[in-house]
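Report on the following structure.
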Amino acid sequence: MRENIEERACHLAQYIIENKATVRAAAKQFGISKSTVHKDLSERLPAFNHALYVQVKCILDENKAERHIRGGIATRKKYKGE
């Protein structure tokens with residue numbers, strides 16, 4: 001799956017924006033690692049499409065701020081047997 005890195009970064013960004021997805025969800029959807037998604041979005045994307053980067057950055061910052069809540073919900077579900 002060696003495709004154009006810029007194209008992959010744009011597809012990842014569009015997926016995250018449309019679905020308000022997490023890095024983990026995007027990695028699973030595209031069949032790549034979380035590290036690759038993060039590197040594509042935080043280092044490669046700003047170099048060639050800054051406007052798209054700004055939109056993705058807002059969603060990633062929101063996800064980062066909410067991750068402790070998601071973790072608590074997941075733990076509660078685990079121990080309640082849901």
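By convention in this document, the chains of the structure tokens carry letters A, B, ... by their order, each chain's residues are numbered from 1, and ligands are numbered from 1 in the order they are shown.
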
- Message: Set the distance at 8 Å and use only C-alpha atoms: which residues neighbour Thr22 of chain A once local chain neighbours fewer than 6 positions away are removed? I'd like the list as a ChimeraX atom specification.
- Response: /A:16,60,63

Once you have the residues from the selection above, write them out as a PDB file, in the first residue's frame, restricted to N, CA, C and O atoms.
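That gives us out.pdb:
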ATOM      1  N   ILE A  16     -11.106  12.201   8.983  1.00  0.00           N
ATOM      2  CA  ILE A  16     -11.223  12.657  10.365  1.00  0.00           C
ATOM      3  C   ILE A  16     -12.193  13.833  10.462  1.00  0.00           C
ATOM      4  O   ILE A  16     -13.008  13.900  11.380  1.00  0.00           O
ATOM      5  N   LEU A  60      -8.457  17.135  16.388  1.00  0.00           N
ATOM      6  CA  LEU A  60      -7.500  16.362  17.184  1.00  0.00           C
ATOM      7  C   LEU A  60      -7.333  16.960  18.582  1.00  0.00           C
ATOM      8  O   LEU A  60      -7.216  16.225  19.571  1.00  0.00           O
ATOM      9  N   ASN A  63     -10.388  15.935  20.547  1.00  0.00           N
ATOM     10  CA  ASN A  63     -10.272  14.527  20.946  1.00  0.00           C
ATOM     11  C   ASN A  63      -9.305  14.366  22.112  1.00  0.00           C
ATOM     12  O   ASN A  63      -9.554  13.584  23.022  1.00  0.00           O
TER      13      ASN A  63
END

- Task: Excluding segment 41-53 of chain A and residues on its chain fewer than 4 positions from it, collect all residues at most 12 Å away from it, counting only C-alpha atoms, and give them as an MDAnalysis selection string.
- Result: chainID A and resid 4:18 22:23 26:27 34:37 57:61

- Query: How far is it from atom CA of Val54 of chain A to atom CA of Asn19 of chain A, in Å with one decimal?
  - Reply: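 So the two atoms, atom CA of Val54 of chain A and atom CA of Asn19 of chain A, lie 16.1 Å apart.
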
- For atom CA of Gly71 of chain A and atom CA of Lys28 of chain A, determine how far apart the two atoms are, in Å to one decimal place.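 Pair atom CA of Gly71 of chain A / atom CA of Lys28 of chain A returns 18.3 Å.
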
Among the residues of chain A, find those DSSP assigns to alpha helix (DSSP H) from the backbone and print them as a short mmCIF file (atom, residue, chain, number, x, y, z; two decimals) with N, CA and C atoms, in the first residue's frame.
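Saved as selection.cif:
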data_model
loop_
_atom_site.label_atom_id
_atom_site.label_comp_id
_atom_site.auth_asym_id
_atom_site.auth_seq_id
_atom_site.Cartn_x
_atom_site.Cartn_y
_atom_site.Cartn_z
N ILE A 5 2.27 9.88 -0.41
CA ILE A 5 2.13 10.25 1.00
C ILE A 5 1.23 11.48 1.16
N GLU A 6 1.37 12.44 0.28
CA GLU A 6 0.54 13.64 0.36
C GLU A 6 -0.94 13.30 0.16
N GLU A 7 -1.19 12.41 -0.79
CA GLU A 7 -2.57 11.99 -1.06
C GLU A 7 -3.14 11.25 0.15
N ARG A 8 -2.34 10.38 0.75
CA ARG A 8 -2.78 9.64 1.93
C ARG A 8 -3.09 10.59 3.08
N ALA A 9 -2.23 11.58 3.28
CA ALA A 9 -2.45 12.54 4.36
C ALA A 9 -3.74 13.32 4.14
N CYS A 10 -4.02 13.70 2.90
CA CYS A 10 -5.26 14.42 2.60
C CYS A 10 -6.48 13.54 2.85
N HIS A 11 -6.41 12.27 2.44
CA HIS A 11 -7.53 11.34 2.68
C HIS A 11 -7.76 11.13 4.17
N LEU A 12 -6.68 11.00 4.93
CA LEU A 12 -6.81 10.85 6.37
C LEU A 12 -7.48 12.08 6.99
N ALA A 13 -7.03 13.25 6.58
CA ALA A 13 -7.58 14.48 7.12
C ALA A 13 -9.06 14.61 6.79
N GLN A 14 -9.43 14.31 5.57
CA GLN A 14 -10.83 14.39 5.17
C GLN A 14 -11.68 13.39 5.96
N TYR A 15 -11.17 12.20 6.16
CA TYR A 15 -11.90 11.18 6.93
C TYR A 15 -12.14 11.66 8.36
N ILE A 16 -11.11 12.20 8.98
CA ILE A 16 -11.22 12.66 10.36
C ILE A 16 -12.19 13.83 10.46
N ILE A 17 -12.14 14.75 9.51
CA ILE A 17 -13.04 15.90 9.53
C ILE A 17 -14.49 15.46 9.33
N GLU A 18 -14.74 14.60 8.35
CA GLU A 18 -16.11 14.17 8.05
C GLU A 18 -16.73 13.35 9.18
N ASN A 19 -15.92 12.51 9.82
CA ASN A 19 -16.46 11.59 10.83
C ASN A 19 -16.14 12.00 12.26
N VAL A 23 -7.57 9.39 15.97
CA VAL A 23 -6.40 8.88 15.24
C VAL A 23 -6.48 7.36 15.17
N ARG A 24 -6.89 6.75 16.26
CA ARG A 24 -6.99 5.28 16.30
C ARG A 24 -8.03 4.76 15.31
N ALA A 25 -9.17 5.43 15.22
CA ALA A 25 -10.22 5.02 14.28
C ALA A 25 -9.76 5.19 12.83
N ALA A 26 -9.07 6.29 12.56
CA ALA A 26 -8.56 6.52 11.20
C ALA A 26 -7.51 5.48 10.83
N ALA A 27 -6.65 5.14 11.77
CA ALA A 27 -5.62 4.13 11.51
C ALA A 27 -6.26 2.79 11.19
N LYS A 28 -7.28 2.43 11.93
CA LYS A 28 -7.97 1.16 11.70
C LYS A 28 -8.67 1.16 10.34
N GLN A 29 -9.30 2.27 10.00
CA GLN A 29 -10.02 2.39 8.73
C GLN A 29 -9.08 2.26 7.53
N PHE A 30 -7.89 2.86 7.61
CA PHE A 30 -6.96 2.88 6.50
C PHE A 30 -5.93 1.75 6.56
N LYS A 34 -1.10 3.99 14.10
CA LYS A 34 -1.45 5.29 14.69
C LYS A 34 -0.29 6.27 14.52
N SER A 35 0.93 5.75 14.60
CA SER A 35 2.11 6.61 14.45
C SER A 35 2.15 7.24 13.07
N THR A 36 1.81 6.45 12.06
CA THR A 36 1.80 6.95 10.68
C THR A 36 0.74 8.02 10.50
N VAL A 37 -0.45 7.77 11.06
CA VAL A 37 -1.53 8.76 10.96
C VAL A 37 -1.09 10.06 11.62
N HIS A 38 -0.54 9.94 12.82
CA HIS A 38 -0.12 11.14 13.55
C HIS A 38 0.98 11.89 12.80
N LYS A 39 1.95 11.18 12.27
CA LYS A 39 3.04 11.83 11.53
C LYS A 39 2.52 12.49 10.26
N LEU A 45 1.21 17.04 6.55
CA LEU A 45 0.08 17.81 6.03
C LEU A 45 0.30 19.32 6.07
N PRO A 46 0.83 19.90 7.13
CA PRO A 46 1.01 21.37 7.15
C PRO A 46 1.95 21.88 6.06
N ALA A 47 2.82 21.03 5.58
CA ALA A 47 3.79 21.44 4.57
C ALA A 47 3.15 21.73 3.22
N PHE A 48 2.05 21.04 2.91
CA PHE A 48 1.46 21.24 1.58
C PHE A 48 0.00 21.64 1.59
N HIS A 50 -2.02 23.71 4.42
CA HIS A 50 -2.15 24.27 5.76
C HIS A 50 -3.61 24.47 6.17
N ALA A 51 -4.47 24.81 5.24
CA ALA A 51 -5.88 25.04 5.56
C ALA A 51 -6.53 23.76 6.08
N LEU A 52 -6.25 22.65 5.43
CA LEU A 52 -6.79 21.36 5.87
C LEU A 52 -6.20 20.96 7.22
N TYR A 53 -4.93 21.27 7.41
CA TYR A 53 -4.27 20.98 8.68
C TYR A 53 -4.94 21.70 9.84
N VAL A 54 -5.31 22.95 9.64
CA VAL A 54 -5.95 23.73 10.70
C VAL A 54 -7.28 23.10 11.10
N GLN A 55 -8.05 22.63 10.13
CA GLN A 55 -9.33 21.97 10.44
C GLN A 55 -9.12 20.68 11.22
N VAL A 56 -8.16 19.88 10.79
CA VAL A 56 -7.88 18.61 11.47
C VAL A 56 -7.34 18.87 12.86
N LYS A 57 -6.51 19.86 13.01
CA LYS A 57 -5.91 20.19 14.30
C LYS A 57 -6.98 20.49 15.34
N CYS A 58 -8.04 21.19 14.93
CA CYS A 58 -9.14 21.50 15.85
C CYS A 58 -9.79 20.21 16.37
N ILE A 59 -10.04 19.27 15.48
CA ILE A 59 -10.67 18.01 15.88
C ILE A 59 -9.74 17.18 16.74
N LEU A 60 -8.46 17.13 16.39
CA LEU A 60 -7.50 16.36 17.18
C LEU A 60 -7.33 16.96 18.58
N ASP A 61 -7.33 18.28 18.67
CA ASP A 61 -7.24 18.92 19.99
C ASP A 61 -8.47 18.62 20.83
N GLU A 62 -9.64 18.62 20.19
CA GLU A 62 -10.88 18.30 20.90
C GLU A 62 -10.84 16.85 21.40
N ASN A 63 -10.39 15.94 20.55
CA ASN A 63 -10.27 14.53 20.95
C ASN A 63 -9.31 14.37 22.11
N LYS A 64 -8.22 15.11 22.07
CA LYS A 64 -7.23 15.01 23.14
C LYS A 64 -7.80 15.50 24.46
N ALA A 65 -8.60 16.55 24.40
CA ALA A 65 -9.21 17.10 25.61
C ALA A 65 -10.26 16.15 26.20
N GLU A 66 -10.87 15.33 25.36
CA GLU A 66 -11.95 14.44 25.81
C GLU A 66 -11.49 13.02 26.10
N ARG A 67 -10.24 12.70 25.86
CA ARG A 67 -9.83 11.29 25.94
C ARG A 67 -9.93 10.72 27.34
N HIS A 68 -9.74 11.52 28.36
CA HIS A 68 -9.86 10.99 29.72
C HIS A 68 -11.30 10.60 30.03
N ILE A 69 -12.25 11.30 29.42
CA ILE A 69 -13.66 10.97 29.61
C ILE A 69 -13.98 9.65 28.91
N ARG A 70 -13.50 9.50 27.68
CA ARG A 70 -13.72 8.26 26.93
C ARG A 70 -13.11 7.06 27.66
N GLY A 71 -11.95 7.27 28.25
CA GLY A 71 -11.30 6.19 28.99
C GLY A 71 -12.12 5.77 30.20
N GLY A 72 -12.70 6.74 30.89
CA GLY A 72 -13.54 6.43 32.04
C GLY A 72 -14.79 5.68 31.65
N ILE A 73 -15.39 6.07 30.54
CA ILE A 73 -16.59 5.39 30.05
C ILE A 73 -16.26 3.95 29.65
N ALA A 74 -15.13 3.77 28.97
CA ALA A 74 -14.71 2.42 28.55
C ALA A 74 -14.45 1.54 29.76
N THR A 75 -13.84 2.08 30.80
CA THR A 75 -13.56 1.31 32.01
C THR A 75 -14.86 0.92 32.71
N ARG A 76 -15.80 1.85 32.78
CA ARG A 76 -17.08 1.55 33.40
C ARG A 76 -17.80 0.43 32.65
N LYS A 77 -17.79 0.51 31.32
CA LYS A 77 -18.44 -0.55 30.51
C LYS A 77 -17.76 -1.90 30.74
N LYS A 78 -16.45 -1.87 30.83
CA LYS A 78 -15.69 -3.11 31.02
C LYS A 78 -16.10 -3.81 32.33
N TYR A 79 -16.20 -3.05 33.39
CA TYR A 79 -16.47 -3.65 34.69
C TYR A 79 -17.95 -3.88 34.95
N LYS A 80 -18.81 -3.21 34.22
CA LYS A 80 -20.25 -3.47 34.34
C LYS A 80 -20.67 -4.64 33.45
#
